[in-house]
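Asks: I am sharing run.cif, which consists of mmCIF, C-alpha atoms:
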```cif
data_final
#
loop_
_atom_site.label_atom_id
_atom_site.label_comp_id
_atom_site.auth_asym_id
_atom_site.auth_seq_id
_atom_site.Cartn_x
_atom_site.Cartn_y
_atom_site.Cartn_z
CA MET A 1 -2.56 4.17 30.82
CA THR A 2 -2.18 3.45 34.54
CA VAL A 3 -4.15 0.76 36.38
CA SER A 4 -4.23 0.54 40.19
CA ALA A 5 -5.13 -2.60 42.15
CA THR A 6 -5.73 -2.72 45.92
CA GLY A 7 -5.72 -5.88 48.03
CA GLY A 8 -6.82 -6.23 51.67
CA GLY A 9 -5.34 -8.36 54.44
CA LYS A 10 -5.17 -8.67 58.23
CA THR A 11 -2.27 -6.29 58.51
CA GLY A 12 -3.24 -3.67 55.94
CA THR A 13 -3.60 -3.05 52.22
CA THR A 14 -1.20 -3.10 49.31
CA THR A 15 -1.63 -0.97 46.21
CA ALA A 16 0.10 -1.95 42.95
CA THR A 17 0.31 0.38 39.98
CA ILE A 18 0.72 -1.13 36.53
CA THR A 19 1.65 1.15 33.65
CA LEU A 20 0.65 -0.11 30.21
CA THR A 21 2.77 1.34 27.40
CA PRO A 22 1.14 1.45 23.95
CA PRO A 23 3.06 -0.52 21.31
CA PRO A 24 5.28 1.59 19.04
CA PRO A 25 3.84 2.58 15.67
CA ALA A 26 4.43 0.25 12.73
CA VAL A 27 6.12 1.46 9.56
CA LEU A 28 5.12 0.60 5.99
CA LEU A 29 7.35 1.66 3.07
CA ALA A 30 5.66 1.66 -0.33
CA ALA A 31 6.17 2.24 -4.04
CA GLY A 32 5.35 0.54 -7.30
CA ASP A 33 6.65 0.46 -10.89
CA ILE A 34 10.11 -0.42 -9.74
CA ALA A 35 12.87 -2.47 -11.31
CA VAL A 36 14.32 -1.91 -14.78
CA CYS A 37 17.59 -3.60 -15.63
CA ASP A 38 18.96 -0.69 -17.68
CA SER A 39 17.98 2.01 -15.15
CA SER A 40 19.62 3.15 -11.92
CA TYR A 41 16.51 4.67 -10.37
CA ASP A 42 15.35 1.43 -8.75
CA GLU A 43 18.78 1.23 -7.11
CA ALA A 44 18.31 4.79 -5.85
CA THR A 45 14.95 3.99 -4.24
CA ALA A 46 16.36 0.73 -2.83
CA LEU A 47 18.99 2.80 -1.01
CA LEU A 48 16.13 4.49 0.85
CA LEU A 49 14.92 1.09 2.03
CA ASP A 50 18.43 0.20 3.21
CA THR A 51 18.34 2.87 5.92
CA ARG A 52 14.75 2.36 7.11
CA THR A 53 13.12 -0.34 9.18
CA GLY A 54 9.59 -1.52 8.55
CA SER A 55 7.56 -3.66 6.21
CA ILE A 56 7.55 -2.99 2.46
CA ALA A 57 4.64 -2.87 0.03
CA ALA A 58 5.67 -3.44 -3.60
CA LEU A 59 2.68 -2.01 -5.46
CA GLY A 60 2.94 -3.90 -8.75
CA ASP A 61 4.91 -3.73 -12.00
CA ASN A 62 7.79 -4.69 -9.78
CA ALA A 63 10.02 -6.18 -12.52
CA TYR A 64 10.00 -4.88 -16.09
CA GLN A 65 9.27 -5.60 -18.85
CA SER A 66 7.12 -8.69 -18.39
CA GLY A 67 7.62 -9.84 -14.81
CA THR A 68 9.46 -13.01 -15.80
CA LEU A 69 11.38 -14.95 -13.18
CA THR A 70 14.62 -13.94 -14.94
CA GLU A 71 13.65 -10.25 -14.73
CA TYR A 72 12.74 -10.61 -11.08
CA THR A 73 16.04 -12.34 -10.36
CA THR A 74 18.34 -10.09 -12.41
CA CYS A 75 16.54 -6.71 -12.28
CA TYR A 76 14.49 -6.64 -9.07
CA GLY A 77 16.73 -8.95 -7.05
CA PRO A 78 19.87 -6.77 -6.86
CA SER A 79 17.93 -3.68 -5.76
CA TRP A 80 14.63 -4.08 -3.90
CA GLY A 81 15.14 -7.82 -3.80
CA ARG A 82 17.63 -7.52 -0.96
CA HIS A 83 14.58 -6.66 1.18
CA LYS A 84 12.46 -9.54 -0.11
CA ALA A 85 11.90 -11.13 3.29
CA ARG A 86 10.07 -8.04 4.62
CA THR A 87 8.12 -7.29 1.43
CA ARG A 88 4.48 -8.12 0.77
CA PRO A 89 3.78 -7.57 -2.95
CA ALA A 90 0.81 -6.86 -5.18
CA PRO A 91 0.82 -7.86 -8.87
CA GLY A 92 0.75 -5.29 -11.67
CA ASN A 93 -0.27 -5.50 -15.30
CA HIS A 94 3.33 -5.98 -16.46
CA GLU A 95 3.54 -9.20 -14.46
CA TYR A 96 0.66 -10.48 -16.60
CA LEU A 97 2.40 -9.67 -19.88
CA THR A 98 3.71 -13.17 -19.28
CA PRO A 99 0.40 -15.12 -19.40
CA GLY A 100 -0.62 -16.19 -15.91
CA ALA A 101 2.22 -14.21 -14.31
CA PRO A 102 4.29 -17.32 -13.42
CA GLY A 103 7.42 -15.27 -12.71
CA TYR A 104 5.57 -13.33 -10.03
CA TRP A 105 4.31 -16.44 -8.25
CA ASP A 106 7.60 -18.31 -8.57
CA TYR A 107 9.67 -15.42 -7.22
CA TRP A 108 7.46 -14.45 -4.29
CA GLY A 109 6.07 -17.81 -3.24
CA ALA A 110 4.00 -17.65 -0.05
CA LEU A 111 4.80 -13.93 0.39
CA ALA A 112 2.29 -13.18 -2.39
CA GLY A 113 -0.61 -15.10 -0.89
CA PRO A 114 -2.37 -18.00 -2.62
CA ARG A 115 -0.90 -18.71 -6.04
CA ASP A 116 -2.92 -17.45 -9.02
CA GLN A 117 -5.10 -15.28 -6.75
CA GLY A 118 -3.03 -12.39 -5.44
CA TRP A 119 -5.39 -11.27 -2.67
CA TYR A 120 -4.55 -11.76 1.00
CA SER A 121 -4.33 -9.82 4.25
CA TYR A 122 -2.06 -9.42 7.25
CA ASP A 123 -1.77 -7.37 10.42
CA LEU A 124 0.88 -4.72 10.95
CA GLY A 125 0.98 -3.30 14.46
CA SER A 126 -2.60 -2.33 15.31
CA TRP A 127 -3.54 -2.01 11.61
CA HIS A 128 -5.14 -4.53 9.28
CA ILE A 129 -3.59 -4.58 5.80
CA ILE A 130 -5.40 -5.88 2.70
CA VAL A 131 -3.68 -6.69 -0.61
CA LEU A 132 -5.75 -7.07 -3.78
CA ASN A 133 -5.15 -8.09 -7.40
CA SER A 134 -6.44 -5.36 -9.73
CA ASN A 135 -5.74 -7.28 -12.96
CA CYS A 136 -9.46 -7.66 -13.33
CA THR A 137 -9.53 -9.35 -16.74
CA GLU A 138 -7.30 -12.07 -15.35
CA VAL A 139 -8.82 -12.71 -11.91
CA GLY A 140 -12.14 -10.85 -11.68
CA CYS A 141 -12.96 -7.74 -9.65
CA THR A 142 -16.69 -7.29 -10.21
CA ALA A 143 -19.25 -7.23 -7.42
CA GLY A 144 -19.97 -10.85 -6.58
CA SER A 145 -16.63 -12.13 -7.92
CA ALA A 146 -14.57 -14.46 -5.75
CA GLN A 147 -12.14 -11.66 -4.94
CA GLU A 148 -14.81 -9.10 -4.05
CA GLN A 149 -16.63 -11.61 -1.86
CA TRP A 150 -13.35 -12.47 -0.14
CA LEU A 151 -12.71 -8.76 0.49
CA ARG A 152 -16.07 -8.23 2.16
CA ALA A 153 -15.62 -11.37 4.24
CA ASP A 154 -12.13 -10.32 5.29
CA LEU A 155 -13.38 -6.88 6.35
CA ALA A 156 -16.16 -8.48 8.41
CA ALA A 157 -13.70 -10.88 10.06
CA HIS A 158 -11.20 -8.13 10.94
CA PRO A 159 -13.11 -5.14 12.35
CA ALA A 160 -9.95 -3.17 13.11
CA GLN A 161 -10.16 0.51 13.92
CA CYS A 162 -7.57 1.21 11.23
CA THR A 163 -7.35 -0.58 7.86
CA LEU A 164 -5.14 0.04 4.83
CA ALA A 165 -5.52 -1.57 1.40
CA TYR A 166 -3.27 -1.63 -1.64
CA TRP A 167 -3.40 -2.82 -5.22
CA HIS A 168 -1.84 -1.72 -8.51
CA HIS A 169 -4.40 0.24 -10.58
CA PRO A 170 -5.72 3.46 -8.97
CA ARG A 171 -9.44 4.13 -8.97
CA PHE A 172 -8.75 7.87 -9.36
CA SER A 173 -5.72 9.04 -11.33
CA SER A 174 -4.36 12.33 -12.66
CA GLY A 175 -1.76 10.67 -14.90
CA ALA A 176 -1.85 11.16 -18.65
CA SER A 177 -0.97 7.52 -19.37
CA HIS A 178 -3.90 5.71 -17.77
CA GLY A 179 -6.40 7.92 -15.93
CA ASN A 180 -9.25 6.67 -13.75
CA ASN A 181 -9.90 2.93 -13.51
CA THR A 182 -13.54 2.06 -12.96
CA ALA A 183 -12.90 -1.70 -12.98
CA VAL A 184 -11.60 -1.52 -9.40
CA GLY A 185 -14.71 0.37 -8.28
CA PRO A 186 -16.10 -2.70 -6.45
CA PHE A 187 -12.97 -2.76 -4.25
CA TRP A 188 -13.48 0.87 -3.35
CA GLN A 189 -17.21 0.36 -2.79
CA ALA A 190 -16.66 -2.55 -0.41
CA LEU A 191 -14.11 -0.57 1.60
CA TYR A 192 -16.37 2.48 1.63
CA ASP A 193 -19.63 0.70 2.51
CA LEU A 194 -18.40 -0.31 5.95
CA LEU A 195 -16.22 2.77 6.49
CA SER A 196 -13.51 0.18 6.79
CA ALA A 197 -10.39 1.72 5.21
CA GLU A 198 -8.42 4.84 6.00
CA ILE A 199 -5.85 4.57 3.21
CA VAL A 200 -5.56 3.02 -0.26
CA LEU A 201 -2.16 2.75 -1.98
CA ASN A 202 -1.67 2.26 -5.73
CA GLY A 203 0.99 2.40 -8.43
CA HIS A 204 0.49 2.13 -12.23
CA GLU A 205 0.76 5.87 -12.97
CA HIS A 206 4.45 6.73 -12.71
CA LEU A 207 4.07 9.75 -10.47
CA TYR A 208 3.17 10.69 -6.91
CA ARG A 209 -0.26 11.94 -5.96
CA ALA A 210 -2.03 12.35 -2.63
CA LEU A 211 -5.83 12.51 -2.76
CA ARG A 212 -7.87 13.79 0.18
CA ALA A 213 -10.56 11.51 1.57
CA ALA A 214 -12.68 10.42 -1.40
CA ASP A 215 -16.07 8.76 -1.59
CA ALA A 216 -16.90 5.57 -3.44
CA GLY A 217 -18.05 6.99 -6.74
CA ARG A 218 -15.86 9.99 -7.49
CA GLY A 219 -12.77 11.83 -6.35
CA GLY A 220 -14.67 14.39 -4.26
CA GLY A 221 -14.16 14.13 -0.52
CA CYS A 222 -16.43 13.57 2.43
CA GLY A 223 -15.92 13.07 6.13
CA GLY A 224 -16.00 9.28 5.96
CA GLY A 225 -13.90 8.90 2.82
CA ILE A 226 -10.67 7.10 2.01
CA ARG A 227 -7.32 8.79 1.45
CA GLN A 228 -5.61 7.52 -1.71
CA PHE A 229 -1.93 7.69 -2.56
CA THR A 230 -0.54 6.88 -5.99
CA VAL A 231 3.16 6.00 -5.61
CA GLY A 232 4.38 4.87 -9.02
CA THR A 233 7.81 6.29 -8.28
CA GLY A 234 9.90 3.19 -7.61
CA GLY A 235 12.18 3.37 -10.65
CA ARG A 236 10.36 3.23 -13.99
CA THR A 237 10.35 6.35 -16.21
CA LEU A 238 8.03 9.02 -14.81
CA VAL A 239 5.03 10.20 -16.85
CA ALA A 240 3.16 13.37 -17.73
CA VAL A 241 0.21 14.76 -15.80
CA GLY A 242 -3.22 14.55 -17.38
CA THR A 243 -6.58 15.76 -16.09
CA LEU A 244 -6.29 16.78 -12.46
CA GLN A 245 -8.78 14.78 -10.40
CA PRO A 246 -11.03 16.43 -7.81
CA ASN A 247 -9.61 16.73 -4.32
CA SER A 248 -6.00 16.19 -5.35
CA GLN A 249 -3.83 17.54 -2.56
CA VAL A 250 -0.32 17.08 -3.91
CA LEU A 251 0.93 16.00 -7.32
CA ASP A 252 4.52 15.51 -8.51
CA ASN A 253 5.80 13.72 -11.61
CA GLY A 254 9.47 14.61 -11.40
CA THR A 255 10.75 12.73 -8.35
CA TYR A 256 11.58 9.10 -7.63
CA GLY A 257 11.08 7.94 -4.07
CA ILE A 258 9.01 5.96 -1.58
CA LEU A 259 6.07 6.67 0.70
CA GLN A 260 6.77 6.10 4.39
CA LEU A 261 3.67 5.49 6.49
CA THR A 262 3.85 5.49 10.29
CA LEU A 263 0.81 3.57 11.52
CA GLY A 264 -0.13 4.25 15.14
CA GLN A 265 -3.10 3.33 17.27
CA GLY A 266 -5.96 5.32 15.81
CA SER A 267 -3.76 7.59 13.73
CA TYR A 268 -1.17 7.72 10.96
CA ALA A 269 1.45 9.95 9.42
CA TRP A 270 2.86 9.94 5.91
CA ALA A 271 5.99 11.28 4.29
CA PHE A 272 7.14 11.01 0.70
CA VAL A 273 10.89 10.37 0.83
CA PRO A 274 12.76 11.43 -2.34
CA VAL A 275 15.91 9.81 -3.68
CA ALA A 276 19.25 11.49 -3.03
CA GLY A 277 19.61 14.73 -4.96
CA SER A 278 15.87 15.48 -5.11
CA SER A 279 14.07 17.98 -2.92
CA PHE A 280 10.35 17.32 -3.40
CA THR A 281 8.59 15.88 -0.39
CA ASP A 282 5.11 15.65 1.07
CA GLN A 283 3.93 14.89 4.57
CA GLY A 284 0.84 14.93 6.75
CA THR A 285 -1.18 13.15 9.42
CA GLY A 286 -4.62 11.65 9.81
CA THR A 287 -6.86 9.85 12.27
CA CYS A 288 -8.86 6.64 11.84
CA HIS A 289 -12.66 6.51 11.71
#
```
What does the file become when written as structure tokens?

Replies:
Amino acid sequence: MTVSATGGGKTGTTTATITLTPPPPAVLLAAGDIAVCDSSYDEATALLLDTRTGSIAALGDNAYQSGTLTEYTTCYGPSWGRHKARTRPAPGNHEYLTPGAPGYWDYWGALAGPRDQGWYSYDLGSWHIIVLNSNCTEVGCTAGSAQEQWLRADLAAHPAQCTLAYWHHPRFSSGASHGNNTAVGPFWQALYDLLSAEIVLNGHEHLYRALRAADAGRGGGCGGGIRQFTVGTGGRTLVAVGTLQPNSQVLDNGTYGILQLTLGQGSYAWAFVPVAGSSFTDQGTGTCH
């Protein structure tokens, strides 16, 4: 954008032209279901992070089997852990196999938001990013719960043109292991009510799936819907495909990798980046409401 300013004086006028350059897009790199001490696949996906700048979203089940501090230190630490300083995590169900998930809170500290909650938000470029805790039995996800009320308040306080949210358990899933998760429906409803989110990221199902814009109650799309990506491809054993959900665009359960999101002003682009030796990829673009 160019702005011109003219000033008058006794001897004439002076015109100054100021060119405002939009900030560069921000980059978010994401995957969940990551580190296993006796597997090399988390190391393979970590190599993708090594060569890419940007913030990192660890989408839960980050350290197997039970998210203990020892597992975080010895399994996650040598691979994705070398990018800890630029990672903002979400907790998965495996973290809570250790009651209260103390290993998760001890490893991440302030990077994970308030201890024993797991929900927080931050800004990335021109985008507002929301992180939620989908372990509903442990922390509550129902309408009117502390977390759901916080989500609605955070959305009202940050009326950004472009918003992205992530948590572990997908609302809509084509995986054979878990399937749809209705418990996180209040998250989706809150995001949908205000047309507040463009993208939701999840893990939990160990596969990759891109879902076209979906409404609050089912996987069918509509013009004001939310695009959902399931990226459970960080390193844990991949799983079989179950019932294909409505509006699924792309589905792959044979490739480890990460999702790279380029978040611009009013728009975004995505690309699934496979580990070395794999050929599957997916890419596309979208605009914000």

Asks: If we count all atoms listed in the file, what is near segment 252-268 of chain A at a cut-off of 9 Å, once residues fewer than 2 positions away on the same chain are taken out, given as a ChimeraX atom specification?

Replies: /A:22-32,41-42,44-45,48-49,124-127,161-162,175,206-209,229,231-236,238-241,250,270-276,278-281,284-289

Asks: Translate the PyMOL selection byres ((chain A and resi 134) around 7), as applied to the file shown, into an explicit residue set as an mmCIF file with C-alpha atoms, in the frame of the given file.

Replies:
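Saved result, selection25.cif, follows:
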```cif
data_model
loop_
_atom_site.group_PDB
_atom_site.id
_atom_site.type_symbol
_atom_site.label_atom_id
_atom_site.label_comp_id
_atom_site.auth_asym_id
_atom_site.auth_seq_id
_atom_site.Cartn_x
_atom_site.Cartn_y
_atom_site.Cartn_z
ATOM 1 C CA LEU A 132 -5.750 -7.070 -3.780
ATOM 2 C CA ASN A 133 -5.150 -8.090 -7.400
ATOM 3 C CA ASN A 135 -5.740 -7.280 -12.960
ATOM 4 C CA CYS A 136 -9.460 -7.660 -13.330
ATOM 5 C CA CYS A 141 -12.960 -7.740 -9.650
ATOM 6 C CA TRP A 167 -3.400 -2.820 -5.220
ATOM 7 C CA HIS A 168 -1.840 -1.720 -8.510
ATOM 8 C CA HIS A 169 -4.400 0.240 -10.580
ATOM 9 C CA VAL A 184 -11.600 -1.520 -9.400
#
```

Asks: What is the distance, in Å and to one decimal place, between atom CA of Gly103 of chain A and atom CA of Val139 of chain A?

Replies: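 Rounded to one decimal, the two atoms are 16.5 Å apart.
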
Asks: When the PyMOL selection byres ((chain A and resi 66) around 9) is applied to the structure above, which residues does it catch, written out as a list in words?

Replies: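 That selection, the PyMOL selection byres ((chain A and resi 66) around 9), comes back as Asp61, Ala63, Tyr64, Gln65, Gly67, Thr68, Glu71, Asn93, His94, Glu95, Tyr96, Leu97, Thr98, Ala101 and Gly103 of chain A.
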
Asks: Show me, as a PDB file with C-alpha atoms, in the frame of the given file, the residues that have an atom within 6 Å of segment 85-89 of chain A when counting only C-alpha atoms, minus same-chain residues fewer than 3 positions from it.

Replies:
```pdb
ATOM      1  CA  SER A  55       7.560  -3.660   6.210  1.00  0.00           C
ATOM      2  CA  ILE A  56       7.550  -2.990   2.460  1.00  0.00           C
ATOM      3  CA  ALA A  57       4.640  -2.870   0.030  1.00  0.00           C
ATOM      4  CA  ALA A  58       5.670  -3.440  -3.600  1.00  0.00           C
ATOM      5  CA  LEU A 111       4.800 -13.930   0.390  1.00  0.00           C
ATOM      6  CA  ALA A 112       2.290 -13.180  -2.390  1.00  0.00           C
TER       7      ALA A 112
END
```

Asks: Separation of atom CA of Ala153 of chain A and atom CA of Ala183 of chain A, in Å?

Replies: 19.9 Å

Asks: Have a look at atom CA of Thr53 of chain A and atom CA of Tyr122 of chain A and let me know their distance in Å, one decimal.

Replies: 17.8 Å

Asks: Expand the PyMOL selection byres ((chain A and resi 196) around 10) into the explicit residue set it covers here, and present it as a count of residues only.

Replies: 26
